[in-house]
Amino acid sequence: MKKNYDTSQGRTAIRYLLDISKNGGYVWAEYSLIKKTMIGFVKPNTEIEIISLDPIKSKDTSNFPHGKLFLKTLKFSKCEEIKPSELLMLKARRSRQGTFVRWRNCFGKLTKVIDQGILQEIKEWTDLTPDLQEIVSYENLRDVGINGWKIKHLLMQIGRTMKDIDIYALNTNNEPVFVQVAHLGDYKNKLQSLAQYKSNLVYISSNSKLSNQNTAISLVNSDDIFRWLLKQSDYIKQLAN
């Protein structure tokens, strides 16, 4: 099947299709013209069904020299339609630019949703994706604060804005704030990178054994933020959606 595709994108899509057909997989499926989002599970050894569509009525047949399209499909063993207001966190970070794309950065959330339902109880810090950990950290610093100040205004988008920091904001003393929310990796290098910034440096980590020689950096254990989150019943309820 793969040898009939001239482009690498086409061959990659078919390779993924064959992989899911053989081994099964969790799928997020959407198509802009239909305006629906479906999630579901394909069982291993699911046969690929091929549907021949009507000839294309177009003068340009360069892409379809035989004048036909063949729709290749895999049937979900279980599926669910996602409403526009549901799973916004996943919608915002879904993979783009490809018919079939491996979704490496959904951190197991899709699997949990399909197996356990859309509403997920948040029981620990790691139940939050890195994006949500950064947002909750921001909300904590805005509500509770640290070192006598609170965050007053964001100065850049949270996460993916700068290499060394996740939150860049202005505090209630009208001073800049630089925050790194650690997920994985060498914390020593991250601390060194954060130390390059001037003041109001905050490093948030789940590493209980974390030590720091730089007194300019305030260390915050994510457990403390999570205990605060558990008290925000309305907030955590929406995060679980």
# chains A, B, ... in the order shown; residues from 1 in each chain; ligands from 1
call {"tool": "residues_around", "arguments": {"residues": "stretch 169-182 of chain A", "least_positions_apart": "4", "cutoff": "10 Å", "atoms": "only C-alpha atoms", "output": "PyMOL selection string"}}
result
chain A and resi 130-131+133-135+137-138+141-142+145+148-159+163-165+186-187+190-191+193-195+197-207+217-220+222
call {"tool": "select_by_dssp", "arguments": {"residues": "stretch 92-156 of chain A", "states": "helix (DSSP H, G or I)", "output": "number ranges by chain"}}
result
A: 92-93, 109-116, 125-127, 130-143
call {"tool": "write_last_selection", "arguments": {"atoms": "N, CA, C and O atoms", "output": "compact mmCIF listing (two decimals), in the first residue's frame"}}
result
# COMPACT_ATOMS: atom_id res chain seq x y z
N ALA A 92 -6.34 22.79 22.38
CA ALA A 92 -5.36 23.85 22.17
C ALA A 92 -3.99 23.30 21.81
O ALA A 92 -3.21 23.97 21.12
N ARG A 93 -3.66 22.08 22.24
CA ARG A 93 -2.33 21.54 22.00
C ARG A 93 -2.33 20.37 21.03
O ARG A 93 -1.33 19.66 20.91
N LYS A 109 -3.19 12.00 28.50
CA LYS A 109 -4.51 12.53 28.83
C LYS A 109 -5.59 11.91 27.95
O LYS A 109 -6.68 11.56 28.42
N LEU A 110 -5.32 11.77 26.66
CA LEU A 110 -6.31 11.21 25.74
C LEU A 110 -6.66 9.78 26.12
O LEU A 110 -7.83 9.39 26.11
N THR A 111 -5.65 9.00 26.47
CA THR A 111 -5.89 7.61 26.89
C THR A 111 -6.81 7.56 28.10
O THR A 111 -7.76 6.77 28.16
N LYS A 112 -6.55 8.41 29.08
CA LYS A 112 -7.37 8.43 30.29
C LYS A 112 -8.81 8.85 29.99
O LYS A 112 -9.76 8.28 30.54
N VAL A 113 -8.97 9.83 29.11
CA VAL A 113 -10.30 10.31 28.78
C VAL A 113 -11.12 9.22 28.10
O VAL A 113 -12.29 8.99 28.43
N ILE A 114 -10.50 8.51 27.16
CA ILE A 114 -11.22 7.47 26.44
C ILE A 114 -11.54 6.28 27.34
O ILE A 114 -12.63 5.70 27.28
N ASP A 115 -10.61 5.92 28.23
CA ASP A 115 -10.82 4.76 29.10
C ASP A 115 -11.70 5.07 30.31
O ASP A 115 -12.45 4.21 30.77
N GLN A 116 -11.61 6.31 30.82
CA GLN A 116 -12.25 6.61 32.10
C GLN A 116 -13.34 7.68 32.01
O GLN A 116 -14.02 7.94 32.99
N TRP A 125 -0.49 16.30 41.57
CA TRP A 125 0.09 17.31 40.69
C TRP A 125 0.31 16.78 39.27
O TRP A 125 0.08 17.47 38.28
N THR A 126 0.74 15.53 39.16
CA THR A 126 1.05 14.97 37.85
C THR A 126 -0.21 14.65 37.03
O THR A 126 -0.09 14.28 35.85
N ASP A 127 -1.39 14.77 37.62
CA ASP A 127 -2.62 14.64 36.83
C ASP A 127 -2.84 15.86 35.94
O ASP A 127 -3.67 15.82 35.02
N PRO A 130 1.78 19.60 31.77
CA PRO A 130 2.71 20.72 32.01
C PRO A 130 2.10 22.09 31.75
O PRO A 130 2.37 23.03 32.49
N ASP A 131 1.26 22.20 30.72
CA ASP A 131 0.59 23.48 30.45
C ASP A 131 -0.23 23.93 31.66
O ASP A 131 -0.18 25.09 32.08
N LEU A 132 -1.02 22.98 32.20
CA LEU A 132 -1.89 23.32 33.32
C LEU A 132 -1.09 23.55 34.60
O LEU A 132 -1.47 24.36 35.44
N GLN A 133 0.02 22.84 34.77
CA GLN A 133 0.89 23.10 35.93
C GLN A 133 1.39 24.54 35.90
O GLN A 133 1.45 25.21 36.94
N GLU A 134 1.74 25.03 34.73
CA GLU A 134 2.20 26.41 34.61
C GLU A 134 1.08 27.40 34.90
O GLU A 134 1.28 28.41 35.61
N ILE A 135 -0.11 27.10 34.41
CA ILE A 135 -1.25 28.01 34.64
C ILE A 135 -1.63 28.03 36.11
O ILE A 135 -1.89 29.09 36.69
N VAL A 136 -1.69 26.85 36.75
CA VAL A 136 -2.03 26.78 38.17
C VAL A 136 -0.97 27.49 39.01
O VAL A 136 -1.29 28.18 39.99
N SER A 137 0.29 27.36 38.63
CA SER A 137 1.37 28.06 39.35
C SER A 137 1.18 29.57 39.25
O SER A 137 1.35 30.30 40.24
N TYR A 138 0.82 30.03 38.07
CA TYR A 138 0.55 31.46 37.89
C TYR A 138 -0.61 31.90 38.78
O TYR A 138 -0.53 32.94 39.47
N GLU A 139 -1.70 31.13 38.80
CA GLU A 139 -2.87 31.49 39.60
C GLU A 139 -2.54 31.51 41.09
O GLU A 139 -3.03 32.34 41.84
N ASN A 140 -1.69 30.58 41.51
CA ASN A 140 -1.27 30.56 42.92
C ASN A 140 -0.47 31.81 43.27
O ASN A 140 -0.71 32.44 44.32
N LEU A 141 0.46 32.19 42.41
CA LEU A 141 1.26 33.39 42.67
C LEU A 141 0.43 34.66 42.55
O LEU A 141 0.74 35.66 43.17
N ARG A 142 -0.64 34.60 41.79
CA ARG A 142 -1.54 35.75 41.69
C ARG A 142 -2.43 35.86 42.91
O ARG A 142 -2.74 36.97 43.37
N ASP A 143 -2.83 34.70 43.48
CA ASP A 143 -3.75 34.70 44.61
C ASP A 143 -3.02 34.75 45.95
O ASP A 143 -3.41 35.50 46.85
call {"tool": "residues_around", "arguments": {"residues": "A:Thr73", "least_positions_apart": "2", "cutoff": "12 Å", "atoms": "only C-alpha atoms", "output": "compact mmCIF listing (two decimals) with C-alpha atoms, in the first residue's frame"}}
result
# COMPACT_ATOMS: atom_id res chain seq x y z
CA ILE A 14 -0.20 5.22 5.49
CA LEU A 17 -2.65 3.88 9.47
CA LEU A 18 -1.16 0.40 9.10
CA ILE A 20 -2.97 1.48 14.20
CA SER A 21 -4.68 -1.24 12.18
CA ALA A 29 -10.10 12.72 14.88
CA VAL A 42 -9.21 1.21 17.53
CA THR A 46 -8.83 -3.95 12.86
CA GLU A 47 -9.19 -4.28 9.11
CA ILE A 48 -8.76 -1.20 6.95
CA GLU A 49 -11.86 -0.63 4.86
CA ILE A 50 -11.35 1.02 1.47
CA ILE A 51 -14.21 2.97 -0.12
CA SER A 52 -14.05 4.04 -3.76
CA PHE A 70 -10.09 5.95 -2.27
CA LEU A 71 -11.11 6.58 1.32
CA LYS A 75 -13.61 1.56 12.69
CA PHE A 76 -13.56 2.66 16.32
call {"tool": "residues_around", "arguments": {"residues": "A:Leu90", "least_positions_apart": "5", "cutoff": "12 Å", "atoms": "only C-alpha atoms", "output": "list of chain:residue names"}}
result
A:Trp28, A:Thr37, A:Ile39, A:Ile82, A:Pro84, A:Ser85, A:Ser95, A:Trp103, A:Arg104, A:Asn105, A:Cys106, A:Phe107, A:Gly108, A:Lys109, A:Leu110, A:Thr111, A:Val113, A:Ile118, A:Leu128, A:Thr129, A:Pro130, A:Asp131, A:Leu132, A:Leu239, A:Ala240, A:Asn241
call {"tool": "closest_residue", "arguments": {"among": "A:Ile122, A:Ala13, A:Leu87, A:Ile167", "to": "A:Val101", "atoms": "only C-alpha atoms"}}
result
A:Ala13
call {"tool": "atom_distance", "arguments": {"atom1": "atom CA of A:Met162", "atom2": "atom CA of A:Leu230"}}
result
29.3 Å
